[in-house]
Amino acid sequence: MSQTSFDIQQAAVIGAGTMGRGIVMCLANAGVAVQWVDNNPQMLDQALDSVAETYAHNVRQGRIDQAEADARMARVSAAADYSAIRNVDLVIEAVYENLELKQKIFRELDGLLKPEALLASNTSALDIDAIAAATRRPTQVLGLHFFSPAHIMKLLEIVRGAQTSPAALEAALALGKRMSKVSVVSGNCHGFIGNRMLHPYVLEARKMLLEGAYPHQVDAALQGFGFAMGPFRMYDVVGIDLEWRARDLAGKGQDAPEVQVDNRLCEMGRFGQKSGNGYYHYEPGSRQAEHDPEVDALVLRVSEELGFQRREIGPDEILERCLLALVNEGAKILQEGIAGSAHDIDLVYLNGYGFPADKGGPMAWADRQGLAAIHQRLLALETRQGDQWQPARLIGDLAAQGKGFAER
Ligand code: NAD
C-alpha cells in the first residue's frame, strides 16, 4: 500500500461519549470532515449539542471567531449507521472498553470500508493485535490513544500492533501533527506506555493508604514535587467508579486489599468530582478538592479491618515509592522495546500525566539522580518490601556502564 493512499481527508468516529466528543473536535479543528456514529441516537444528539456549545464558548472567550466556529461545526455530521461511512479514510472507535464489542465493530467495519481505510481504536489498554485480528487488514489497524479531555490534552499515544505497517504509522504521525498533538509511538502491551507505568505508581499510593498515610498526604507530597495533581485527586477527576466497574465486569480483582478503599467509596456513591464526593469533597459546581475527614476515617477503618499496623509515612517515603515505581516500570518498557527512547516515555508523562516539566520526565529525573543511585535505592526497597522492587535489568546494566537512560 503506498503512503499517499493514507491521505486522511474524511474520518468517522464511533462513540459519542466523553472521548468521542473530544476526538471529533480534534479532527474538525484540524480540518478533517468527521461523520459520527453512536448506537444511542439520544447520546449522539447530546454530543452534537455539546460540541456546538464548546465552540460557542470558544467564541465567547475570543479564542476563535464565529466564522471559524461555523466552519468547524460544518465538518461534523451525524451518520445513521455504518453504511453511511463506507467512504471514509479513517475510523476512530471510542466505544466502551470491551474487547468483544470492539472486535465486533472492527469486523463489521472491515467488511464495509474501502480497502485502503485505516482503522484505529482509542482503547486505554486493550490488545491492539486482538482487535486487528478481527479484520482482514491488520497492517492498517492501530491504536490512537487520546487523553481526556481529548481536544485539550496534548498527548497522543500511537499504538503499533505487531502487523501495523510503517505507512499506517506515518499517516497516524502526520495526523497527530495536523491536530497539534505530541505523538509518541508505543508498542502493544497492556496499558501501553502511560497507563502501564501508572499501574505500579498508583498501587504504591494505594498501599501507603493501608500502611498509614491518608489520601491528602500522598497527594500533597506528589504535588509538592510538582505533579499537577496527586493520584487520588486524579482518580476523583477521572471517576473512581471506572476501574471499580471494570473490575466487576472482569469478574476478578475486587478482593485485593489495595482496592478496598476504592470499593467502599464507590459503594457509598462517592465516584469523584462528578458526584460531589470522592477522595475529597466538592461544593456544588466547584472543582476545588476539599479535605474530607470522613475519608480519613474510612481509610483508617479499612486498614484496621485488614489487620494493618499503621505507621507514620512521610513525604520522602511517598516520593521514593511512587517515583521509583514509575522509573522501574519505565525501564522495563524501554528494555522490552515498547518505547523507542527514554525521551518518548518522558514526553508521555509530561504531556499526559502532569509530571513536573522542570524535572524533565521520570526517566530524565532518574538520570539526574544517577542510575547507580537509583539501582541501590531499588535494591533497598526490594530488601524491605519484596520482589516487586527488583530493579529492571536495564538499570543495572546502564549503572554498571556509568550511563543514563538517555545515553542508551
Ligand atoms: P463513554 O461511556 O463516555 O462513551 C461510550 C460511547 O460509546 C457511548 O456514547 C455509547 O452509546 C457508545 N457505544 C457503545 N456501544 C456502541 C456501539 N456498538 N456502536 C456505537 N456506539 C456505541 O466512554 P469513554 O469514556 O468515551 O471511553 C471510550 C473509550 O475510550 C474506551 O475504550 C476507553 O477506555 C477509552 N479512553 C477513555 C478515557 C477517559 O478518560 N474516559 C481516556 C482514554 C481512553
# chains A, B, ... in the order shown; residues from 1 in each chain; ligands from 1

$ residues_around --residues "region 157-164 of chain A" --least-positions-apart "4" --cutoff "7 Å" --atoms "only C-alpha atoms" --output "list in words"
Ile128, Asp129, Pro138, Thr139, Gln140, Val141, Leu142, Gly143, Leu144, His145, Phe146, Ala168, Ser183, Val184, Val185, Ser186, Gly187 and Asn188 of chain A

$ write_last_selection --atoms "all heavy atoms" --output "short mmCIF file (atom, residue, chain, number, x, y, z; two decimals), in the first residue's frame"
data_model
loop_
_atom_site.label_atom_id
_atom_site.label_comp_id
_atom_site.auth_asym_id
_atom_site.auth_seq_id
_atom_site.Cartn_x
_atom_site.Cartn_y
_atom_site.Cartn_z
N ILE A 128 -4.18 -4.42 20.95
CA ILE A 128 -4.44 -3.95 19.58
C ILE A 128 -4.38 -5.11 18.58
O ILE A 128 -5.12 -5.15 17.60
CB ILE A 128 -3.41 -2.84 19.19
CG1 ILE A 128 -3.68 -1.57 20.02
CG2 ILE A 128 -3.44 -2.52 17.70
CD1 ILE A 128 -5.01 -0.89 19.78
N ASP A 129 -3.51 -6.09 18.85
CA ASP A 129 -3.41 -7.23 17.93
C ASP A 129 -4.69 -8.07 17.95
O ASP A 129 -5.11 -8.58 16.91
CB ASP A 129 -2.21 -8.12 18.29
CG ASP A 129 -0.90 -7.41 18.04
OD1 ASP A 129 -0.87 -6.51 17.17
OD2 ASP A 129 0.09 -7.72 18.71
N PRO A 138 -4.96 -6.26 9.09
CA PRO A 138 -4.23 -5.95 10.35
C PRO A 138 -3.09 -4.94 10.15
O PRO A 138 -2.71 -4.28 11.12
CB PRO A 138 -3.70 -7.31 10.81
CG PRO A 138 -3.75 -8.18 9.60
CD PRO A 138 -4.89 -7.70 8.76
N THR A 139 -2.58 -4.80 8.92
CA THR A 139 -1.49 -3.83 8.70
C THR A 139 -2.02 -2.40 8.80
O THR A 139 -1.25 -1.46 8.94
CB THR A 139 -0.84 -4.01 7.31
OG1 THR A 139 -1.87 -3.87 6.31
CG2 THR A 139 -0.20 -5.38 7.17
N GLN A 140 -3.35 -2.25 8.71
CA GLN A 140 -3.94 -0.91 8.74
C GLN A 140 -4.73 -0.65 10.03
O GLN A 140 -5.59 0.21 10.07
CB GLN A 140 -4.86 -0.72 7.54
CG GLN A 140 -4.08 -0.55 6.25
CD GLN A 140 -4.92 -0.91 5.05
OE1 GLN A 140 -4.57 -1.82 4.29
NE2 GLN A 140 -6.04 -0.24 4.89
N VAL A 141 -4.43 -1.45 11.04
CA VAL A 141 -5.09 -1.26 12.33
C VAL A 141 -4.06 -0.78 13.35
O VAL A 141 -2.93 -1.29 13.38
CB VAL A 141 -5.73 -2.60 12.81
CG1 VAL A 141 -6.33 -2.44 14.21
CG2 VAL A 141 -6.80 -3.05 11.82
N LEU A 142 -4.44 0.20 14.15
CA LEU A 142 -3.54 0.73 15.16
C LEU A 142 -4.32 1.38 16.29
O LEU A 142 -5.54 1.53 16.20
CB LEU A 142 -2.53 1.71 14.54
CG LEU A 142 -2.99 3.10 14.12
CD1 LEU A 142 -1.79 3.94 13.74
CD2 LEU A 142 -3.96 3.08 12.97
N GLY A 143 -3.61 1.72 17.35
CA GLY A 143 -4.25 2.45 18.45
C GLY A 143 -4.00 3.93 18.29
O GLY A 143 -2.88 4.34 17.93
N LEU A 144 -5.03 4.72 18.52
CA LEU A 144 -4.84 6.18 18.64
C LEU A 144 -5.39 6.51 20.01
O LEU A 144 -6.60 6.68 20.18
CB LEU A 144 -5.59 6.93 17.53
CG LEU A 144 -5.01 6.86 16.12
CD1 LEU A 144 -5.86 7.64 15.13
CD2 LEU A 144 -3.57 7.38 16.09
N HIS A 145 -4.51 6.55 20.98
CA HIS A 145 -4.94 6.72 22.38
C HIS A 145 -4.86 8.20 22.76
O HIS A 145 -3.77 8.73 23.00
CB HIS A 145 -4.05 5.86 23.28
CG HIS A 145 -4.46 5.90 24.72
ND1 HIS A 145 -3.59 5.72 25.76
CD2 HIS A 145 -5.67 6.13 25.30
CE1 HIS A 145 -4.24 5.81 26.91
NE2 HIS A 145 -5.49 6.07 26.65
N PHE A 146 -6.04 8.83 22.78
CA PHE A 146 -6.16 10.23 23.20
C PHE A 146 -6.32 10.26 24.71
O PHE A 146 -6.71 9.28 25.33
CB PHE A 146 -7.39 10.88 22.55
CG PHE A 146 -7.31 11.06 21.06
CD1 PHE A 146 -7.51 9.99 20.20
CD2 PHE A 146 -7.06 12.32 20.52
CE1 PHE A 146 -7.45 10.17 18.82
CE2 PHE A 146 -7.00 12.51 19.14
CZ PHE A 146 -7.19 11.42 18.28
N ALA A 168 1.12 3.06 7.64
CA ALA A 168 -0.03 3.39 8.50
C ALA A 168 0.46 4.25 9.68
O ALA A 168 -0.20 5.21 10.07
CB ALA A 168 -0.70 2.11 9.00
N SER A 183 2.89 13.42 19.59
CA SER A 183 2.64 12.00 19.34
C SER A 183 3.81 11.15 19.80
O SER A 183 4.97 11.51 19.54
CB SER A 183 2.43 11.76 17.84
OG SER A 183 1.32 12.49 17.39
N VAL A 184 3.51 10.05 20.44
CA VAL A 184 4.54 9.10 20.85
C VAL A 184 4.11 7.71 20.40
O VAL A 184 2.97 7.31 20.67
CB VAL A 184 4.74 9.12 22.39
CG1 VAL A 184 5.67 8.00 22.83
CG2 VAL A 184 5.28 10.47 22.85
N VAL A 185 5.00 7.02 19.70
CA VAL A 185 4.66 5.66 19.26
C VAL A 185 4.96 4.68 20.39
O VAL A 185 6.02 4.73 21.01
CB VAL A 185 5.46 5.27 17.99
CG1 VAL A 185 5.18 3.81 17.60
CG2 VAL A 185 5.10 6.20 16.83
N SER A 186 3.99 3.81 20.67
CA SER A 186 4.15 2.80 21.72
C SER A 186 3.94 1.42 21.10
O SER A 186 3.13 1.25 20.21
CB SER A 186 3.10 3.03 22.81
OG SER A 186 3.09 1.94 23.72
N GLY A 187 4.67 0.45 21.63
CA GLY A 187 4.39 -0.94 21.27
C GLY A 187 3.10 -1.37 21.94
O GLY A 187 2.52 -0.63 22.75
N ASN A 188 2.66 -2.56 21.61
CA ASN A 188 1.39 -3.06 22.12
C ASN A 188 1.61 -3.88 23.40
O ASN A 188 2.22 -4.94 23.35
CB ASN A 188 0.77 -3.93 21.03
CG ASN A 188 -0.57 -4.49 21.42
OD1 ASN A 188 -1.34 -3.85 22.16
ND2 ASN A 188 -0.86 -5.69 20.95
#

$ select_by_dssp --residues "region 169-221 of chain A" --states "strand (DSSP E or B)" --output "PyMOL selection string"
chain A and resi 182-186

$ closest_atom_pairs --of "chain A" --to "ligand 1" --cutoff "8 Å" --atoms "only C-alpha atoms and all ligand atoms" --output "CSV"
residue,atom,partner,partner_atom_place_in_ligand_line,distance
A:Ile14,CA,ligand 1,20 (C),5.4
A:Gly15,CA,ligand 1,7 (O),3.7
A:Ala16,CA,ligand 1,9 (O),4.2
A:Gly17,CA,ligand 1,4 (O),3.2
A:Thr18,CA,ligand 1,26 (O),3.8
A:Met19,CA,ligand 1,26 (O),3.6
A:Gly20,CA,ligand 1,26 (O),5.5
A:Arg21,CA,ligand 1,26 (O),7.6
A:Val37,CA,ligand 1,20 (C),5.9
A:Asp38,CA,ligand 1,21 (N),3.6
A:Asn39,CA,ligand 1,20 (C),4.2
A:Asn40,CA,ligand 1,11 (O),4.9
A:Met43,CA,ligand 1,9 (O),5.5
A:Leu44,CA,ligand 1,9 (O),7.0
A:Glu93,CA,ligand 1,29 (C),7.5
A:Ala94,CA,ligand 1,29 (C),4.1
A:Val95,CA,ligand 1,7 (O),3.5
A:Tyr96,CA,ligand 1,31 (C),4.7
A:Glu97,CA,ligand 1,32 (O),3.8
A:Asn98,CA,ligand 1,32 (O),7.0
A:Leu101,CA,ligand 1,18 (N),6.6
A:Lys102,CA,ligand 1,18 (N),7.9
A:Ile105,CA,ligand 1,18 (N),6.7
A:Ser121,CA,ligand 1,32 (O),7.4
A:Asn122,CA,ligand 1,30 (O),5.0
A:Thr123,CA,ligand 1,32 (O),3.8
A:Ser124,CA,ligand 1,34 (O),4.4
A:Ala125,CA,ligand 1,34 (O),7.0
A:His145,CA,ligand 1,44 (C),6.0
A:Phe146,CA,ligand 1,43 (C),5.4
A:Phe147,CA,ligand 1,43 (C),4.8
A:Ser148,CA,ligand 1,40 (O),4.7
A:Pro149,CA,ligand 1,40 (O),7.2
A:Ala150,CA,ligand 1,42 (C),7.9
A:Val238,CA,ligand 1,40 (O),5.9

$ write_last_selection --atoms "N, CA, C and O atoms" --output "compact mmCIF listing (two decimals), in the first residue's frame"
# COMPACT_ATOMS: atom_id res chain seq x y z
N ILE A 14 -16.62 6.48 16.05
CA ILE A 14 -17.69 5.61 16.57
C ILE A 14 -17.71 5.80 18.09
O ILE A 14 -16.73 5.50 18.77
N GLY A 15 -18.83 6.27 18.59
CA GLY A 15 -18.95 6.51 20.03
C GLY A 15 -19.01 8.01 20.30
O GLY A 15 -18.13 8.76 19.84
N ALA A 16 -20.06 8.43 20.99
CA ALA A 16 -20.27 9.87 21.22
C ALA A 16 -20.25 10.18 22.72
O ALA A 16 -20.96 11.04 23.21
N GLY A 17 -19.40 9.43 23.47
CA GLY A 17 -19.26 9.67 24.90
C GLY A 17 -18.19 10.71 25.17
O GLY A 17 -17.87 11.55 24.31
N THR A 18 -17.59 10.60 26.34
CA THR A 18 -16.56 11.57 26.76
C THR A 18 -15.46 11.70 25.72
O THR A 18 -15.12 12.80 25.29
N MET A 19 -14.90 10.57 25.32
CA MET A 19 -13.74 10.61 24.43
C MET A 19 -14.13 10.95 23.00
O MET A 19 -13.45 11.72 22.33
N GLY A 20 -15.23 10.33 22.52
CA GLY A 20 -15.68 10.61 21.16
C GLY A 20 -15.84 12.11 20.93
O GLY A 20 -15.44 12.64 19.88
N ARG A 21 -16.41 12.80 21.90
CA ARG A 21 -16.65 14.25 21.75
C ARG A 21 -15.34 15.01 21.55
O ARG A 21 -15.23 15.86 20.66
N VAL A 37 -20.94 8.32 14.61
CA VAL A 37 -21.90 7.23 14.81
C VAL A 37 -21.99 6.87 16.29
O VAL A 37 -20.95 6.79 16.97
N ASP A 38 -23.20 6.66 16.77
CA ASP A 38 -23.38 6.08 18.12
C ASP A 38 -24.66 5.27 18.04
O ASP A 38 -25.62 5.67 17.37
N ASN A 39 -24.69 4.12 18.67
CA ASN A 39 -25.91 3.30 18.57
C ASN A 39 -27.03 3.83 19.47
O ASN A 39 -28.12 3.29 19.48
N ASN A 40 -26.71 4.91 20.20
CA ASN A 40 -27.73 5.55 21.02
C ASN A 40 -27.98 6.95 20.44
O ASN A 40 -27.18 7.87 20.67
N MET A 43 -27.71 9.96 22.64
CA MET A 43 -26.33 10.28 23.03
C MET A 43 -25.68 11.14 21.94
O MET A 43 -24.97 12.10 22.22
N LEU A 44 -25.95 10.75 20.69
CA LEU A 44 -25.35 11.47 19.56
C LEU A 44 -25.90 12.90 19.50
O LEU A 44 -25.13 13.86 19.29
N GLU A 93 -12.46 4.44 16.71
CA GLU A 93 -13.51 3.84 17.57
C GLU A 93 -13.27 4.27 19.01
O GLU A 93 -12.14 4.18 19.51
N ALA A 94 -14.34 4.75 19.67
CA ALA A 94 -14.26 5.16 21.09
C ALA A 94 -15.53 4.72 21.81
O ALA A 94 -16.25 5.54 22.37
N VAL A 95 -15.82 3.42 21.75
CA VAL A 95 -16.98 2.87 22.48
C VAL A 95 -16.48 2.31 23.81
O VAL A 95 -15.31 2.47 24.16
N TYR A 96 -17.36 1.63 24.55
CA TYR A 96 -16.97 1.11 25.85
C TYR A 96 -15.72 0.25 25.76
O TYR A 96 -15.46 -0.39 24.75
N GLU A 97 -14.98 0.21 26.88
CA GLU A 97 -13.72 -0.57 26.94
C GLU A 97 -14.04 -2.06 27.08
O GLU A 97 -14.01 -2.61 28.19
N ASN A 98 -14.36 -2.69 25.97
CA ASN A 98 -14.74 -4.10 25.99
C ASN A 98 -14.22 -4.73 24.70
O ASN A 98 -14.60 -4.32 23.60
N LEU A 101 -16.74 -6.25 22.14
CA LEU A 101 -17.51 -5.21 21.45
C LEU A 101 -16.65 -4.54 20.38
O LEU A 101 -17.08 -4.34 19.24
N LYS A 102 -15.42 -4.23 20.72
CA LYS A 102 -14.54 -3.57 19.77
C LYS A 102 -14.26 -4.51 18.57
O LYS A 102 -14.27 -4.09 17.42
N ILE A 105 -17.18 -4.54 16.21
CA ILE A 105 -17.27 -3.32 15.41
C ILE A 105 -16.19 -3.32 14.32
O ILE A 105 -16.46 -2.99 13.16
N SER A 121 -8.33 2.34 17.22
CA SER A 121 -9.10 2.26 18.47
C SER A 121 -8.51 3.21 19.50
O SER A 121 -7.29 3.35 19.58
N ASN A 122 -9.40 3.83 20.26
CA ASN A 122 -8.95 4.71 21.35
C ASN A 122 -8.85 3.93 22.67
O ASN A 122 -8.83 4.53 23.74
N THR A 123 -8.79 2.61 22.59
CA THR A 123 -8.71 1.84 23.83
C THR A 123 -7.59 2.34 24.75
O THR A 123 -6.53 2.75 24.27
N SER A 124 -7.83 2.26 26.07
CA SER A 124 -6.82 2.71 27.04
C SER A 124 -5.78 1.64 27.32
O SER A 124 -4.73 1.93 27.86
N ALA A 125 -6.13 0.38 27.03
CA ALA A 125 -5.23 -0.68 27.48
C ALA A 125 -5.37 -1.99 26.70
O ALA A 125 -4.50 -2.85 26.79
N HIS A 145 -4.51 6.55 20.98
CA HIS A 145 -4.94 6.72 22.38
C HIS A 145 -4.86 8.20 22.76
O HIS A 145 -3.77 8.73 23.00
N PHE A 146 -6.04 8.83 22.78
CA PHE A 146 -6.16 10.23 23.20
C PHE A 146 -6.32 10.26 24.71
O PHE A 146 -6.71 9.28 25.33
N PHE A 147 -6.08 11.44 25.28
CA PHE A 147 -6.22 11.62 26.73
C PHE A 147 -7.33 12.61 27.00
O PHE A 147 -7.63 13.46 26.17
N SER A 148 -7.96 12.46 28.14
CA SER A 148 -9.17 13.23 28.41
C SER A 148 -8.86 14.56 29.10
O SER A 148 -8.08 14.57 30.05
N PRO A 149 -9.44 15.68 28.68
CA PRO A 149 -10.31 15.87 27.52
C PRO A 149 -9.49 15.92 26.23
O PRO A 149 -8.50 16.66 26.14
N ALA A 150 -9.92 15.13 25.26
CA ALA A 150 -9.09 14.87 24.08
C ALA A 150 -8.77 16.12 23.26
O ALA A 150 -7.71 16.20 22.64
N VAL A 238 -11.01 11.56 37.05
CA VAL A 238 -11.31 10.51 36.06
C VAL A 238 -12.61 9.78 36.43
O VAL A 238 -13.39 9.39 35.55

$ residues_around --residues "region 353-361 of chain A" --least-positions-apart "5" --cutoff "6 Å" --atoms "only C-alpha atoms" --output "VMD selection string"
chain A and resid 226 to 228 346

$ select_by_dssp --residues "region 316-366 of chain A" --states "helix (DSSP H, G or I)" --output "NGL selection string"
:A and (316-335 or 342-352 or 357-359 or 362-366)

$ write_last_selection --atoms "N, CA, C and O atoms" --output "short mmCIF file (atom, residue, chain, number, x, y, z; two decimals), in the first residue's frame"
data_model
loop_
_atom_site.label_atom_id
_atom_site.label_comp_id
_atom_site.auth_asym_id
_atom_site.auth_seq_id
_atom_site.Cartn_x
_atom_site.Cartn_y
_atom_site.Cartn_z
N ASP A 316 8.92 11.95 52.14
CA ASP A 316 10.09 11.36 51.46
C ASP A 316 9.80 9.93 51.01
O ASP A 316 10.13 9.53 49.89
N GLU A 317 9.14 9.16 51.87
CA GLU A 317 8.83 7.77 51.51
C GLU A 317 7.79 7.74 50.38
O GLU A 317 7.87 6.91 49.47
N ILE A 318 6.82 8.66 50.46
CA ILE A 318 5.79 8.70 49.41
C ILE A 318 6.45 8.95 48.05
O ILE A 318 6.19 8.25 47.06
N LEU A 319 7.35 9.94 48.03
CA LEU A 319 8.02 10.25 46.75
C LEU A 319 8.89 9.09 46.29
O LEU A 319 8.87 8.72 45.11
N GLU A 320 9.65 8.53 47.23
CA GLU A 320 10.56 7.44 46.87
C GLU A 320 9.79 6.30 46.20
O GLU A 320 10.15 5.82 45.13
N ARG A 321 8.72 5.88 46.84
CA ARG A 321 7.99 4.71 46.33
C ARG A 321 7.25 5.03 45.04
O ARG A 321 7.26 4.22 44.09
N CYS A 322 6.59 6.17 44.96
CA CYS A 322 5.83 6.47 43.74
C CYS A 322 6.76 6.74 42.55
O CYS A 322 6.53 6.23 41.45
N LEU A 323 7.81 7.51 42.79
CA LEU A 323 8.70 7.84 41.66
C LEU A 323 9.49 6.63 41.19
O LEU A 323 9.64 6.39 39.99
N LEU A 324 10.00 5.84 42.15
CA LEU A 324 10.80 4.68 41.73
C LEU A 324 9.93 3.62 41.06
O LEU A 324 10.39 2.89 40.18
N ALA A 325 8.65 3.55 41.45
CA ALA A 325 7.74 2.62 40.76
C ALA A 325 7.60 3.03 39.29
O ALA A 325 7.62 2.19 38.38
N LEU A 326 7.49 4.33 39.06
CA LEU A 326 7.39 4.83 37.67
C LEU A 326 8.66 4.52 36.89
O LEU A 326 8.61 4.02 35.75
N VAL A 327 9.80 4.83 37.50
CA VAL A 327 11.09 4.68 36.80
C VAL A 327 11.36 3.20 36.48
O VAL A 327 11.79 2.86 35.37
N ASN A 328 11.10 2.32 37.44
CA ASN A 328 11.41 0.90 37.22
C ASN A 328 10.54 0.33 36.10
O ASN A 328 11.01 -0.42 35.24
N GLU A 329 9.25 0.71 36.08
CA GLU A 329 8.37 0.21 35.01
C GLU A 329 8.78 0.85 33.68
O GLU A 329 8.76 0.20 32.63
N GLY A 330 9.16 2.13 33.73
CA GLY A 330 9.63 2.81 32.51
C GLY A 330 10.85 2.09 31.93
O GLY A 330 10.96 1.89 30.72
N ALA A 331 11.75 1.64 32.81
CA ALA A 331 12.95 0.93 32.35
C ALA A 331 12.58 -0.40 31.69
O ALA A 331 13.16 -0.79 30.67
N LYS A 332 11.57 -1.08 32.25
CA LYS A 332 11.14 -2.35 31.65
C LYS A 332 10.53 -2.09 30.26
O LYS A 332 10.75 -2.84 29.31
N ILE A 333 9.76 -1.01 30.17
CA ILE A 333 9.13 -0.64 28.90
C ILE A 333 10.20 -0.34 27.84
O ILE A 333 10.06 -0.70 26.67
N LEU A 334 11.29 0.25 28.31
CA LEU A 334 12.39 0.58 27.40
C LEU A 334 13.14 -0.69 26.99
O LEU A 334 13.41 -0.91 25.81
N GLN A 335 13.44 -1.54 27.96
CA GLN A 335 14.22 -2.76 27.62
C GLN A 335 13.42 -3.71 26.75
O GLN A 335 13.97 -4.45 25.95
N ALA A 342 13.97 6.79 26.03
CA ALA A 342 13.58 7.33 27.35
C ALA A 342 12.86 8.66 27.16
O ALA A 342 11.93 9.00 27.90
N HIS A 343 13.29 9.41 26.15
CA HIS A 343 12.66 10.70 25.88
C HIS A 343 11.17 10.54 25.55
O HIS A 343 10.34 11.33 25.99
N ASP A 344 10.84 9.49 24.80
CA ASP A 344 9.42 9.23 24.49
C ASP A 344 8.61 9.00 25.76
O ASP A 344 7.49 9.48 25.90
N ILE A 345 9.20 8.25 26.69
CA ILE A 345 8.50 8.00 27.96
C ILE A 345 8.30 9.32 28.70
O ILE A 345 7.22 9.59 29.24
N ASP A 346 9.33 10.13 28.70
CA ASP A 346 9.22 11.44 29.37
C ASP A 346 8.13 12.28 28.72
O ASP A 346 7.35 12.94 29.41
N LEU A 347 8.06 12.26 27.38
CA LEU A 347 7.02 13.04 26.69
C LEU A 347 5.63 12.59 27.12
O LEU A 347 4.73 13.40 27.33
N VAL A 348 5.46 11.28 27.26
CA VAL A 348 4.16 10.75 27.69
C VAL A 348 3.81 11.30 29.08
O VAL A 348 2.71 11.80 29.32
N TYR A 349 4.78 11.24 30.00
CA TYR A 349 4.47 11.67 31.37
C TYR A 349 4.34 13.18 31.51
O TYR A 349 3.55 13.67 32.32
N LEU A 350 5.09 13.93 30.68
CA LEU A 350 4.98 15.39 30.76
C LEU A 350 3.68 15.88 30.15
O LEU A 350 3.05 16.80 30.65
N ASN A 351 3.24 15.24 29.08
CA ASN A 351 2.08 15.75 28.33
C ASN A 351 0.76 15.06 28.63
O ASN A 351 -0.29 15.55 28.25
N GLY A 352 0.83 13.92 29.30
CA GLY A 352 -0.41 13.19 29.56
C GLY A 352 -0.70 12.95 31.03
O GLY A 352 -1.82 12.66 31.41
N ALA A 357 7.27 19.69 34.62
CA ALA A 357 8.09 19.97 33.43
C ALA A 357 9.55 20.24 33.82
O ALA A 357 10.47 19.81 33.11
N ASP A 358 9.77 20.91 34.95
CA ASP A 358 11.15 21.26 35.30
C ASP A 358 11.99 20.04 35.69
O ASP A 358 13.21 20.12 35.77
N LYS A 359 11.34 18.90 35.91
CA LYS A 359 12.09 17.67 36.24
C LYS A 359 12.36 16.87 34.97
O LYS A 359 13.03 15.85 35.02
N PRO A 362 10.02 11.33 34.11
CA PRO A 362 10.55 10.37 35.09
C PRO A 362 11.92 9.81 34.72
O PRO A 362 12.76 9.59 35.61
N MET A 363 12.18 9.60 33.43
CA MET A 363 13.45 8.98 33.06
C MET A 363 14.59 10.00 33.15
O MET A 363 15.70 9.68 33.59
N ALA A 364 14.29 11.25 32.75
CA ALA A 364 15.30 12.31 32.87
C ALA A 364 15.59 12.58 34.35
O ALA A 364 16.74 12.81 34.74
N TRP A 365 14.53 12.53 35.16
CA TRP A 365 14.71 12.73 36.61
C TRP A 365 15.65 11.63 37.16
O TRP A 365 16.58 11.91 37.91
N ALA A 366 15.41 10.38 36.74
CA ALA A 366 16.24 9.27 37.22
C ALA A 366 17.69 9.44 36.77
O ALA A 366 18.62 9.22 37.54
#

$ residues_around --residues "Leu99 (chain A)" --least-positions-apart "5" --cutoff "9 Å" --atoms "only C-alpha atoms" --output "short mmCIF file (atom, residue, chain, number, x, y, z; two decimals) with all heavy atoms, in the first residue's frame"
data_model
loop_
_atom_site.label_atom_id
_atom_site.label_comp_id
_atom_site.auth_asym_id
_atom_site.auth_seq_id
_atom_site.Cartn_x
_atom_site.Cartn_y
_atom_site.Cartn_z
N LYS A 104 -16.15 -6.84 17.41
CA LYS A 104 -17.37 -6.93 16.60
C LYS A 104 -17.46 -5.71 15.67
O LYS A 104 -17.75 -5.85 14.47
CB LYS A 104 -18.59 -6.99 17.53
CG LYS A 104 -19.91 -7.12 16.86
CD LYS A 104 -21.01 -7.36 17.91
CE LYS A 104 -22.37 -7.07 17.34
NZ LYS A 104 -22.72 -5.64 17.33
N LEU A 126 -6.44 -2.17 25.93
CA LEU A 126 -6.70 -3.48 25.33
C LEU A 126 -5.68 -3.82 24.24
O LEU A 126 -5.00 -2.95 23.71
CB LEU A 126 -8.12 -3.53 24.75
CG LEU A 126 -9.25 -3.39 25.78
CD1 LEU A 126 -10.61 -3.30 25.07
CD2 LEU A 126 -9.24 -4.56 26.75
N ASP A 127 -5.64 -5.12 23.92
CA ASP A 127 -4.65 -5.67 22.98
C ASP A 127 -5.01 -5.28 21.53
O ASP A 127 -5.99 -5.77 20.97
CB ASP A 127 -4.67 -7.19 23.15
CG ASP A 127 -3.67 -7.89 22.28
OD1 ASP A 127 -3.02 -7.23 21.44
OD2 ASP A 127 -3.53 -9.12 22.44
N ALA A 130 -5.29 -8.18 19.13
CA ALA A 130 -6.55 -8.95 19.22
C ALA A 130 -7.66 -8.20 18.47
O ALA A 130 -8.53 -8.83 17.88
CB ALA A 130 -6.93 -9.16 20.68
N ILE A 131 -7.61 -6.89 18.49
CA ILE A 131 -8.61 -6.10 17.75
C ILE A 131 -8.33 -6.24 16.24
O ILE A 131 -9.24 -6.49 15.44
CB ILE A 131 -8.60 -4.62 18.20
CG1 ILE A 131 -8.99 -4.52 19.69
CG2 ILE A 131 -9.53 -3.78 17.33
CD1 ILE A 131 -8.89 -3.13 20.29
#

$ residues_around --residues "region 295-299 of chain A" --least-positions-apart "3" --cutoff "12 Å" --atoms "only C-alpha atoms" --output "short mmCIF file (atom, residue, chain, number, x, y, z; two decimals) with C-alpha atoms, in the first residue's frame"
data_model
loop_
_atom_site.label_atom_id
_atom_site.label_comp_id
_atom_site.auth_asym_id
_atom_site.auth_seq_id
_atom_site.Cartn_x
_atom_site.Cartn_y
_atom_site.Cartn_z
CA ARG A 206 -2.95 2.80 47.48
CA LYS A 207 -0.69 0.54 49.59
CA MET A 208 0.52 3.52 51.55
CA LEU A 209 -3.08 4.37 52.48
CA LEU A 210 -3.34 0.96 54.12
CA GLU A 211 0.07 1.25 55.78
CA GLY A 212 -0.54 4.62 57.41
CA ALA A 213 -0.90 7.56 55.00
CA TYR A 214 -4.06 9.48 54.07
CA PRO A 215 -5.05 10.48 50.51
CA HIS A 216 -4.40 14.19 51.05
CA GLN A 217 -0.89 13.41 52.41
CA PHE A 232 -6.19 10.49 44.44
CA PRO A 257 -6.50 -5.23 49.74
CA GLU A 258 -5.30 -2.18 47.78
CA VAL A 259 -8.68 -1.60 46.12
CA GLN A 260 -10.80 -1.88 49.28
CA VAL A 261 -10.84 1.87 49.94
CA ASP A 262 -11.91 2.50 46.32
CA ASN A 263 -14.58 -0.18 46.62
CA ARG A 264 -16.02 1.35 49.76
CA LEU A 265 -16.04 4.85 48.28
CA MET A 268 -21.13 4.92 49.06
CA ARG A 270 -18.53 8.66 46.09
CA ASN A 277 -17.63 13.45 46.70
CA GLY A 278 -14.79 11.01 46.19
CA TYR A 279 -11.44 11.01 47.94
CA TYR A 280 -12.31 14.68 48.52
CA HIS A 281 -15.42 16.77 48.91
CA GLU A 290 -11.58 19.82 49.89
CA HIS A 291 -10.07 17.57 52.54
CA ASP A 292 -12.80 15.33 53.97
CA VAL A 302 -10.41 -0.26 56.14
CA SER A 303 -6.74 -0.63 57.02
CA GLU A 304 -7.56 -1.72 60.59
CA GLU A 305 -10.12 -4.23 59.32
CA LEU A 306 -7.45 -5.64 57.03
CA PHE A 308 -2.52 -3.35 59.11
CA ARG A 310 -0.49 1.82 60.77
#
